[in-house]
Amino acid sequence: MSNEEAEKNFWVTIITSILFAVFGGYLLYQLNTTYLIIARCLNVITLLVSLFGLFKYFTRKDKTKKIDINIIYGIMAFIVTLVLFFKPLIIENFVPLAIGIIMFVTLMLKLGYLKQVRKDQKKDFGVCLLIFILMIVLSILIVLDPMEDVLNINQSMGMIIIFYSILDIIMSYLFKNNID
């Protein structure tokens with residue numbers, strides 16, 4: 001990886017980590033409205049997806065097929081829209097899972113950098129490995145939420161996301177400085 005690519009990846013990570021930390025701070029202090037806001041946003045997105053799928057189905061050029069993937073896609077998205085409209089807090093159980101998966105996937109993308117630092121036998125490999133392991137643990141914690149009885153789920157998710165973001169920035173800085 002070139003220095004230019006490392007610099008670009010570093011700044012993308014900084015921006016996404018800051019946005020993630022802001023979201024974590026919001027979760028930390030907005031206890032009751034978070035899931036309703038997320039549900040309403042998802043509701044609008046699924047409605048748009050539904051309308052797009054139905055539009056593609058009804059405006060398709062090949063009308064010989066009776067069943068098209070777009071109609072199935074549109075109907076399924078519309079059902080999700082209805083469920084989210086009438087039961088918006090149903091997503092409460094899925095948000096920690098989704099955030100944990102996003103965090104874990106991000107880490108898997110950073111695994112290549114970690115391997116490169118190890119291959120190049122850089123001095124910061126031990127620190128990078130420790131941070132990587134901590135970030136994996138945080139990804140798992142956000143899904144399992146062992147602090148559920150002690151804190152509101154939003155507070156524990158917020159703290160974990162903020163800590164994860166800080167570790168992500170530190171790890172990206174170390175990767176950037178270890179690229180030749």
# chains A, B, ... in the order shown; residues from 1 in each chain; ligands from 1
call {"tool": "residues_around", "arguments": {"residues": "Met108 in chain A", "least_positions_apart": "4", "cutoff": "12 Å", "atoms": "only C-alpha atoms", "output": "list in words"}}
result
Ile101, Ile102, Met103, Phe104, Gly112, Tyr113, Leu114, Lys115, Phe132, Ile133, Met135, Ile136 and Ser139 of chain A
call {"tool": "residues_around", "arguments": {"residues": "Asp168 in chain A", "least_positions_apart": "4", "cutoff": "9 Å", "atoms": "only C-alpha atoms", "output": "PDB file with all heavy atoms, in the first residue's frame"}}
result
ATOM      1  N   THR A  13     -11.143   6.789   7.818  1.00  0.00           N
ATOM      2  CA  THR A  13     -11.353   6.181   9.128  1.00  0.00           C
ATOM      3  C   THR A  13     -11.606   7.240  10.193  1.00  0.00           C
ATOM      4  O   THR A  13     -12.473   7.074  11.045  1.00  0.00           O
ATOM      5  CB  THR A  13     -10.138   5.315   9.525  1.00  0.00           C
ATOM      6  OG1 THR A  13      -9.991   4.280   8.562  1.00  0.00           O
ATOM      7  CG2 THR A  13     -10.314   4.712  10.901  1.00  0.00           C
ATOM      8  N   ILE A  14     -10.866   8.320  10.148  1.00  0.00           N
ATOM      9  CA  ILE A  14     -11.052   9.400  11.126  1.00  0.00           C
ATOM     10  C   ILE A  14     -12.475   9.938  11.033  1.00  0.00           C
ATOM     11  O   ILE A  14     -13.175  10.078  12.049  1.00  0.00           O
ATOM     12  CB  ILE A  14     -10.032  10.548  10.900  1.00  0.00           C
ATOM     13  CG1 ILE A  14      -8.609  10.073  11.166  1.00  0.00           C
ATOM     14  CG2 ILE A  14     -10.363  11.762  11.760  1.00  0.00           C
ATOM     15  CD1 ILE A  14      -8.330   9.626  12.577  1.00  0.00           C
ATOM     16  N   SER A  17     -15.037   7.292  12.146  1.00  0.00           N
ATOM     17  CA  SER A  17     -14.944   7.074  13.593  1.00  0.00           C
ATOM     18  C   SER A  17     -15.553   8.229  14.371  1.00  0.00           C
ATOM     19  O   SER A  17     -16.211   8.021  15.390  1.00  0.00           O
ATOM     20  CB  SER A  17     -13.491   6.871  14.016  1.00  0.00           C
ATOM     21  OG  SER A  17     -13.004   5.646  13.521  1.00  0.00           O
ATOM     22  N   LEU A 107     -13.565  -4.433  11.152  1.00  0.00           N
ATOM     23  CA  LEU A 107     -12.338  -5.045  11.674  1.00  0.00           C
ATOM     24  C   LEU A 107     -11.744  -6.051  10.707  1.00  0.00           C
ATOM     25  O   LEU A 107     -10.530  -6.157  10.572  1.00  0.00           O
ATOM     26  CB  LEU A 107     -12.625  -5.727  13.013  1.00  0.00           C
ATOM     27  CG  LEU A 107     -12.649  -4.797  14.198  1.00  0.00           C
ATOM     28  CD1 LEU A 107     -13.128  -5.524  15.437  1.00  0.00           C
ATOM     29  CD2 LEU A 107     -11.274  -4.227  14.427  1.00  0.00           C
ATOM     30  N   ILE A 131      -4.980  -3.700  20.241  1.00  0.00           N
ATOM     31  CA  ILE A 131      -6.134  -2.858  19.900  1.00  0.00           C
ATOM     32  C   ILE A 131      -7.129  -3.652  19.056  1.00  0.00           C
ATOM     33  O   ILE A 131      -8.338  -3.573  19.276  1.00  0.00           O
ATOM     34  CB  ILE A 131      -5.681  -1.578  19.177  1.00  0.00           C
ATOM     35  CG1 ILE A 131      -4.924  -0.668  20.154  1.00  0.00           C
ATOM     36  CG2 ILE A 131      -6.862  -0.840  18.565  1.00  0.00           C
ATOM     37  CD1 ILE A 131      -4.268   0.532  19.500  1.00  0.00           C
ATOM     38  N   PHE A 132      -6.632  -4.431  18.115  1.00  0.00           N
ATOM     39  CA  PHE A 132      -7.495  -5.262  17.264  1.00  0.00           C
ATOM     40  C   PHE A 132      -8.317  -6.238  18.111  1.00  0.00           C
ATOM     41  O   PHE A 132      -9.527  -6.380  17.926  1.00  0.00           O
ATOM     42  CB  PHE A 132      -6.630  -6.015  16.242  1.00  0.00           C
ATOM     43  CG  PHE A 132      -7.400  -6.777  15.224  1.00  0.00           C
ATOM     44  CD1 PHE A 132      -7.929  -6.123  14.112  1.00  0.00           C
ATOM     45  CD2 PHE A 132      -7.593  -8.144  15.349  1.00  0.00           C
ATOM     46  CE1 PHE A 132      -8.640  -6.822  13.157  1.00  0.00           C
ATOM     47  CE2 PHE A 132      -8.306  -8.845  14.400  1.00  0.00           C
ATOM     48  CZ  PHE A 132      -8.827  -8.188  13.295  1.00  0.00           C
ATOM     49  N   MET A 135     -10.976  -4.407  20.020  1.00  0.00           N
ATOM     50  CA  MET A 135     -12.082  -4.021  19.142  1.00  0.00           C
ATOM     51  C   MET A 135     -12.982  -5.216  18.815  1.00  0.00           C
ATOM     52  O   MET A 135     -14.201  -5.062  18.697  1.00  0.00           O
ATOM     53  CB  MET A 135     -11.537  -3.354  17.876  1.00  0.00           C
ATOM     54  CG  MET A 135     -10.920  -1.987  18.168  1.00  0.00           C
ATOM     55  SD  MET A 135     -10.014  -1.247  16.793  1.00  0.00           S
ATOM     56  CE  MET A 135     -11.363  -0.685  15.781  1.00  0.00           C
ATOM     57  N   PHE A 163     -15.754   4.112  22.708  1.00  0.00           N
ATOM     58  CA  PHE A 163     -14.460   3.482  22.970  1.00  0.00           C
ATOM     59  C   PHE A 163     -13.925   2.817  21.709  1.00  0.00           C
ATOM     60  O   PHE A 163     -12.742   2.941  21.374  1.00  0.00           O
ATOM     61  CB  PHE A 163     -14.596   2.473  24.118  1.00  0.00           C
ATOM     62  CG  PHE A 163     -13.296   1.936  24.614  1.00  0.00           C
ATOM     63  CD1 PHE A 163     -12.294   2.785  25.059  1.00  0.00           C
ATOM     64  CD2 PHE A 163     -13.063   0.572  24.654  1.00  0.00           C
ATOM     65  CE1 PHE A 163     -11.088   2.289  25.523  1.00  0.00           C
ATOM     66  CE2 PHE A 163     -11.858   0.061  25.118  1.00  0.00           C
ATOM     67  CZ  PHE A 163     -10.865   0.928  25.551  1.00  0.00           C
ATOM     68  N   TYR A 164     -14.793   2.139  20.959  1.00  0.00           N
ATOM     69  CA  TYR A 164     -14.422   1.495  19.701  1.00  0.00           C
ATOM     70  C   TYR A 164     -13.887   2.546  18.720  1.00  0.00           C
ATOM     71  O   TYR A 164     -12.869   2.326  18.068  1.00  0.00           O
ATOM     72  CB  TYR A 164     -15.643   0.779  19.115  1.00  0.00           C
ATOM     73  CG  TYR A 164     -15.409   0.116  17.786  1.00  0.00           C
ATOM     74  CD1 TYR A 164     -15.049  -1.223  17.708  1.00  0.00           C
ATOM     75  CD2 TYR A 164     -15.567   0.811  16.595  1.00  0.00           C
ATOM     76  CE1 TYR A 164     -14.848  -1.842  16.495  1.00  0.00           C
ATOM     77  CE2 TYR A 164     -15.367   0.206  15.378  1.00  0.00           C
ATOM     78  CZ  TYR A 164     -15.009  -1.127  15.321  1.00  0.00           C
ATOM     79  OH  TYR A 164     -14.803  -1.725  14.114  1.00  0.00           O
ATOM     80  N   SER A 172      -5.708   3.212  13.223  1.00  0.00           N
ATOM     81  CA  SER A 172      -5.479   3.788  11.895  1.00  0.00           C
ATOM     82  C   SER A 172      -4.231   4.659  11.879  1.00  0.00           C
ATOM     83  O   SER A 172      -3.468   4.648  10.909  1.00  0.00           O
ATOM     84  CB  SER A 172      -6.698   4.601  11.457  1.00  0.00           C
ATOM     85  OG  SER A 172      -7.791   3.746  11.283  1.00  0.00           O
ATOM     86  N   TYR A 173      -4.021   5.406  12.947  1.00  0.00           N
ATOM     87  CA  TYR A 173      -2.814   6.228  13.061  1.00  0.00           C
ATOM     88  C   TYR A 173      -1.568   5.339  13.062  1.00  0.00           C
ATOM     89  O   TYR A 173      -0.591   5.623  12.370  1.00  0.00           O
ATOM     90  CB  TYR A 173      -2.875   7.083  14.325  1.00  0.00           C
ATOM     91  CG  TYR A 173      -1.643   7.902  14.557  1.00  0.00           C
ATOM     92  CD1 TYR A 173      -1.419   9.072  13.835  1.00  0.00           C
ATOM     93  CD2 TYR A 173      -0.686   7.500  15.487  1.00  0.00           C
ATOM     94  CE1 TYR A 173      -0.275   9.822  14.028  1.00  0.00           C
ATOM     95  CE2 TYR A 173       0.462   8.239  15.686  1.00  0.00           C
ATOM     96  CZ  TYR A 173       0.666   9.395  14.954  1.00  0.00           C
ATOM     97  OH  TYR A 173       1.811  10.132  15.148  1.00  0.00           O
TER      98      TYR A 173
END
call {"tool": "atom_distance", "arguments": {"atom1": "CA of Ile45 in chain A", "atom2": "CA of Ile71 in chain A"}}
result
17.0 Å
call {"tool": "residues_around", "arguments": {"residues": "Ile161 in chain A", "least_positions_apart": "2", "cutoff": "10 Å", "atoms": "only C-alpha atoms", "output": "list in words"}}
result
Ser17, Phe20, Ala21, Val22, Phe23, Gly24, Gly25, Leu27, Leu28, Ile99, Gly100, Met103, Met135, Leu138, Ser139, Ile142, Gln155, Ser156, Met157, Gly158, Met159, Phe163, Tyr164, Ser165, Ile166 and Leu167 of chain A
call {"tool": "select_by_dssp", "arguments": {"residues": "range 38-163 of chain A", "states": "alpha helix (DSSP H)", "output": "VMD selection string"}}
result
chain A and resid 38 to 58 69 to 86 95 to 119 125 to 144 153 to 163
call {"tool": "write_last_selection", "arguments": {"atoms": "C-alpha atoms", "output": "CSV table (one decimal), in the first residue's frame"}}
result
chain,number,residue,atom,x,y,z
A,38,ILE,CA,-34.1,4.8,13.9
A,39,ALA,CA,-37.4,3.0,13.2
A,40,ARG,CA,-38.9,6.1,11.5
A,41,CYS,CA,-35.7,6.5,9.4
A,42,LEU,CA,-35.8,2.8,8.4
A,43,ASN,CA,-39.5,3.2,7.7
A,44,VAL,CA,-38.8,6.0,5.2
A,45,ILE,CA,-36.0,4.0,3.6
A,46,THR,CA,-38.0,0.8,3.3
A,47,LEU,CA,-40.9,2.7,1.8
A,48,LEU,CA,-38.7,4.3,-0.8
A,49,VAL,CA,-37.2,0.8,-1.6
A,50,SER,CA,-40.7,-0.6,-1.9
A,51,LEU,CA,-41.8,2.2,-4.2
A,52,PHE,CA,-38.7,1.8,-6.3
A,53,GLY,CA,-39.2,-2.0,-6.6
A,54,LEU,CA,-42.8,-1.6,-7.6
A,55,PHE,CA,-42.0,1.2,-10.0
A,56,LYS,CA,-39.3,-0.9,-11.7
A,57,TYR,CA,-41.9,-3.8,-11.9
A,58,PHE,CA,-44.6,-1.7,-13.5
A,69,ILE,CA,-37.9,-10.1,-8.8
A,70,ASN,CA,-38.8,-6.4,-8.5
A,71,ILE,CA,-42.4,-7.1,-7.5
A,72,ILE,CA,-41.3,-9.6,-4.8
A,73,TYR,CA,-38.7,-7.1,-3.6
A,74,GLY,CA,-41.2,-4.3,-3.6
A,75,ILE,CA,-43.8,-6.2,-1.7
A,76,MET,CA,-41.4,-7.5,0.9
A,77,ALA,CA,-40.1,-4.0,1.5
A,78,PHE,CA,-43.7,-2.7,1.8
A,79,ILE,CA,-44.4,-5.4,4.4
A,80,VAL,CA,-41.4,-4.3,6.4
A,81,THR,CA,-42.6,-0.7,6.0
A,82,LEU,CA,-46.0,-1.6,7.5
A,83,VAL,CA,-44.4,-3.6,10.3
A,84,LEU,CA,-42.1,-0.7,11.2
A,85,PHE,CA,-45.0,1.8,11.0
A,86,PHE,CA,-47.3,-0.1,13.4
A,95,VAL,CA,-30.0,-2.5,16.4
A,96,PRO,CA,-27.2,-3.9,18.6
A,97,LEU,CA,-26.8,-6.9,16.3
A,98,ALA,CA,-26.5,-4.7,13.2
A,99,ILE,CA,-24.0,-2.3,14.9
A,100,GLY,CA,-22.0,-5.2,16.1
A,101,ILE,CA,-21.9,-6.7,12.6
A,102,ILE,CA,-20.8,-3.4,11.1
A,103,MET,CA,-18.1,-3.1,13.7
A,104,PHE,CA,-16.9,-6.7,13.1
A,105,VAL,CA,-16.9,-6.3,9.3
A,106,THR,CA,-14.8,-3.1,9.6
A,107,LEU,CA,-12.3,-5.0,11.7
A,108,MET,CA,-12.1,-7.8,9.1
A,109,LEU,CA,-11.2,-5.1,6.5
A,110,LYS,CA,-8.4,-3.9,8.9
A,111,LEU,CA,-7.0,-7.4,9.2
A,112,GLY,CA,-5.1,-7.0,6.0
A,113,TYR,CA,-3.3,-3.9,7.5
A,114,LEU,CA,-2.5,-5.9,10.6
A,115,LYS,CA,-1.0,-8.7,8.5
A,116,GLN,CA,1.1,-6.1,6.6
A,117,VAL,CA,2.4,-4.6,9.8
A,118,ARG,CA,3.3,-8.0,11.1
A,119,LYS,CA,4.9,-9.0,7.7
A,125,PHE,CA,2.6,-4.7,15.8
A,126,GLY,CA,2.0,-5.7,19.4
A,127,VAL,CA,0.0,-2.5,20.1
A,128,CYS,CA,-2.0,-2.9,16.9
A,129,LEU,CA,-2.7,-6.6,17.8
A,130,LEU,CA,-3.9,-5.6,21.3
A,131,ILE,CA,-6.1,-2.9,19.9
A,132,PHE,CA,-7.5,-5.3,17.3
A,133,ILE,CA,-8.4,-7.8,19.9
A,134,LEU,CA,-10.0,-5.1,22.1
A,135,MET,CA,-12.1,-4.0,19.1
A,136,ILE,CA,-13.2,-7.6,18.5
A,137,VAL,CA,-14.3,-7.9,22.1
A,138,LEU,CA,-16.2,-4.6,21.9
A,139,SER,CA,-17.9,-5.9,18.7
A,140,ILE,CA,-19.0,-9.0,20.5
A,141,LEU,CA,-20.0,-7.1,23.7
A,142,ILE,CA,-22.3,-4.8,21.7
A,143,VAL,CA,-24.2,-7.8,20.4
A,144,LEU,CA,-24.3,-9.7,23.7
A,153,ILE,CA,-28.9,-0.7,26.5
A,154,ASN,CA,-28.5,2.7,24.8
A,155,GLN,CA,-26.0,3.8,27.4
A,156,SER,CA,-23.9,0.6,27.2
A,157,MET,CA,-24.0,0.7,23.3
A,158,GLY,CA,-23.0,4.4,23.4
A,159,MET,CA,-20.0,3.8,25.7
A,160,ILE,CA,-18.9,0.8,23.6
A,161,ILE,CA,-19.2,2.7,20.3
A,162,ILE,CA,-17.3,5.7,21.6
A,163,PHE,CA,-14.5,3.5,23.0
call {"tool": "closest_residue", "arguments": {"among": "A:Lys87, A:Arg60, A:Lys123, A:Lys176", "to": "Val12 in chain A", "atoms": "only C-alpha atoms"}}
result
A:Lys176
call {"tool": "atom_distance", "arguments": {"atom1": "CA of Glu7 in chain A", "atom2": "CA of Phe175 in chain A"}}
result
9.8 Å
call {"tool": "atom_distance", "arguments": {"atom1": "CA of Ile37 in chain A", "atom2": "CA of Glu92 in chain A"}}
result
11.1 Å
call {"tool": "residues_around", "arguments": {"residues": "Leu174 in chain A", "least_positions_apart": "3", "cutoff": "8 Å", "atoms": "only C-alpha atoms", "output": "list of chain:residue names"}}
result
A:Asp124, A:Cys128, A:Ile170, A:Met171, A:Asn177, A:Asn178
call {"tool": "decode", "arguments": {"residues": "range 113-127 of chain A", "atoms": "all heavy atoms", "output": "compact mmCIF listing (two decimals), in the first residue's frame"}}
result
# COMPACT_ATOMS: atom_id res chain seq x y z
N TYR A 113 -4.36 -4.87 6.99
CA TYR A 113 -3.35 -3.92 7.47
C TYR A 113 -2.54 -4.54 8.60
O TYR A 113 -1.32 -4.37 8.67
CB TYR A 113 -4.00 -2.64 7.97
CG TYR A 113 -4.69 -1.82 6.92
CD1 TYR A 113 -6.01 -1.44 7.07
CD2 TYR A 113 -4.02 -1.41 5.78
CE1 TYR A 113 -6.65 -0.68 6.12
CE2 TYR A 113 -4.65 -0.65 4.81
CZ TYR A 113 -5.97 -0.28 4.99
OH TYR A 113 -6.60 0.46 4.06
N LEU A 114 -3.23 -5.23 9.49
CA LEU A 114 -2.55 -5.86 10.61
C LEU A 114 -1.53 -6.90 10.11
O LEU A 114 -0.41 -6.97 10.61
CB LEU A 114 -3.57 -6.51 11.55
CG LEU A 114 -3.03 -7.05 12.86
CD1 LEU A 114 -2.46 -5.93 13.72
CD2 LEU A 114 -4.13 -7.79 13.62
N LYS A 115 -1.93 -7.68 9.12
CA LYS A 115 -1.02 -8.68 8.54
C LYS A 115 0.19 -7.99 7.90
O LYS A 115 1.31 -8.49 8.00
CB LYS A 115 -1.75 -9.52 7.50
CG LYS A 115 -2.71 -10.51 8.09
CD LYS A 115 -3.40 -11.31 6.99
CE LYS A 115 -4.39 -12.29 7.56
NZ LYS A 115 -5.07 -13.06 6.51
N GLN A 116 -0.04 -6.86 7.25
CA GLN A 116 1.06 -6.13 6.61
C GLN A 116 2.03 -5.59 7.65
O GLN A 116 3.24 -5.67 7.46
CB GLN A 116 0.51 -4.98 5.75
CG GLN A 116 1.56 -4.26 4.94
CD GLN A 116 2.19 -5.16 3.89
OE1 GLN A 116 1.50 -5.95 3.25
NE2 GLN A 116 3.48 -5.04 3.71
N VAL A 117 1.52 -5.06 8.75
CA VAL A 117 2.39 -4.56 9.82
C VAL A 117 3.21 -5.70 10.39
O VAL A 117 4.41 -5.56 10.66
CB VAL A 117 1.56 -3.85 10.92
CG1 VAL A 117 2.40 -3.55 12.14
CG2 VAL A 117 0.94 -2.57 10.38
N ARG A 118 2.59 -6.87 10.55
CA ARG A 118 3.32 -8.04 11.07
C ARG A 118 4.37 -8.50 10.06
O ARG A 118 5.51 -8.81 10.43
CB ARG A 118 2.35 -9.18 11.36
CG ARG A 118 3.05 -10.40 11.90
CD ARG A 118 2.05 -11.45 12.33
NE ARG A 118 2.73 -12.61 12.84
CZ ARG A 118 2.59 -13.82 12.34
NH1 ARG A 118 1.76 -14.04 11.34
NH2 ARG A 118 3.25 -14.82 12.85
N LYS A 119 3.98 -8.55 8.78
CA LYS A 119 4.90 -9.00 7.73
C LYS A 119 6.12 -8.08 7.65
O LYS A 119 7.24 -8.55 7.47
CB LYS A 119 4.17 -9.04 6.39
CG LYS A 119 5.01 -9.46 5.23
CD LYS A 119 4.19 -9.42 3.95
CE LYS A 119 5.11 -9.40 2.77
NZ LYS A 119 4.44 -9.05 1.54
N ASP A 120 5.88 -6.78 7.77
CA ASP A 120 6.98 -5.81 7.70
C ASP A 120 7.76 -5.73 9.01
O ASP A 120 8.72 -4.98 9.10
CB ASP A 120 6.45 -4.43 7.35
CG ASP A 120 5.88 -4.37 5.94
OD1 ASP A 120 6.16 -5.29 5.14
OD2 ASP A 120 5.13 -3.42 5.66
N GLN A 121 7.34 -6.50 10.02
CA GLN A 121 7.99 -6.56 11.32
C GLN A 121 8.18 -5.16 11.92
O GLN A 121 9.27 -4.79 12.35
CB GLN A 121 9.32 -7.30 11.23
CG GLN A 121 9.16 -8.73 10.81
CD GLN A 121 10.47 -9.47 10.69
OE1 GLN A 121 11.55 -8.88 10.68
NE2 GLN A 121 10.39 -10.78 10.61
N LYS A 122 7.09 -4.43 11.96
CA LYS A 122 7.12 -3.08 12.52
C LYS A 122 7.03 -3.17 14.03
O LYS A 122 6.47 -4.10 14.60
CB LYS A 122 5.96 -2.23 11.97
CG LYS A 122 6.00 -2.05 10.48
CD LYS A 122 7.16 -1.17 10.08
CE LYS A 122 7.17 -0.96 8.58
NZ LYS A 122 8.14 -0.02 8.14
N LYS A 123 7.54 -2.15 14.70
CA LYS A 123 7.58 -2.14 16.16
C LYS A 123 6.20 -2.04 16.80
O LYS A 123 6.00 -2.44 17.92
CB LYS A 123 8.46 -1.00 16.65
CG LYS A 123 7.94 0.35 16.25
CD LYS A 123 8.81 1.47 16.71
CE LYS A 123 8.18 2.73 16.15
NZ LYS A 123 8.71 3.92 16.39
N ASP A 124 5.23 -1.48 16.08
CA ASP A 124 3.89 -1.27 16.64
C ASP A 124 2.96 -2.47 16.47
O ASP A 124 1.77 -2.37 16.78
CB ASP A 124 3.23 -0.03 16.00
CG ASP A 124 3.94 1.25 16.38
OD1 ASP A 124 4.51 1.29 17.49
OD2 ASP A 124 3.92 2.19 15.57
N PHE A 125 3.46 -3.59 16.00
CA PHE A 125 2.58 -4.74 15.77
C PHE A 125 1.89 -5.20 17.05
O PHE A 125 0.70 -5.48 17.05
CB PHE A 125 3.34 -5.92 15.15
CG PHE A 125 2.50 -7.15 15.04
CD1 PHE A 125 1.48 -7.23 14.11
CD2 PHE A 125 2.69 -8.23 15.91
CE1 PHE A 125 0.68 -8.35 14.02
CE2 PHE A 125 1.89 -9.35 15.84
CZ PHE A 125 0.88 -9.41 14.89
N GLY A 126 2.61 -5.25 18.16
CA GLY A 126 2.01 -5.69 19.43
C GLY A 126 0.87 -4.79 19.87
O GLY A 126 -0.19 -5.26 20.28
N VAL A 127 1.07 -3.50 19.76
CA VAL A 127 0.03 -2.53 20.13
C VAL A 127 -1.17 -2.67 19.19
O VAL A 127 -2.31 -2.68 19.62
CB VAL A 127 0.60 -1.09 20.11
CG1 VAL A 127 -0.50 -0.07 20.36
CG2 VAL A 127 1.71 -0.94 21.11
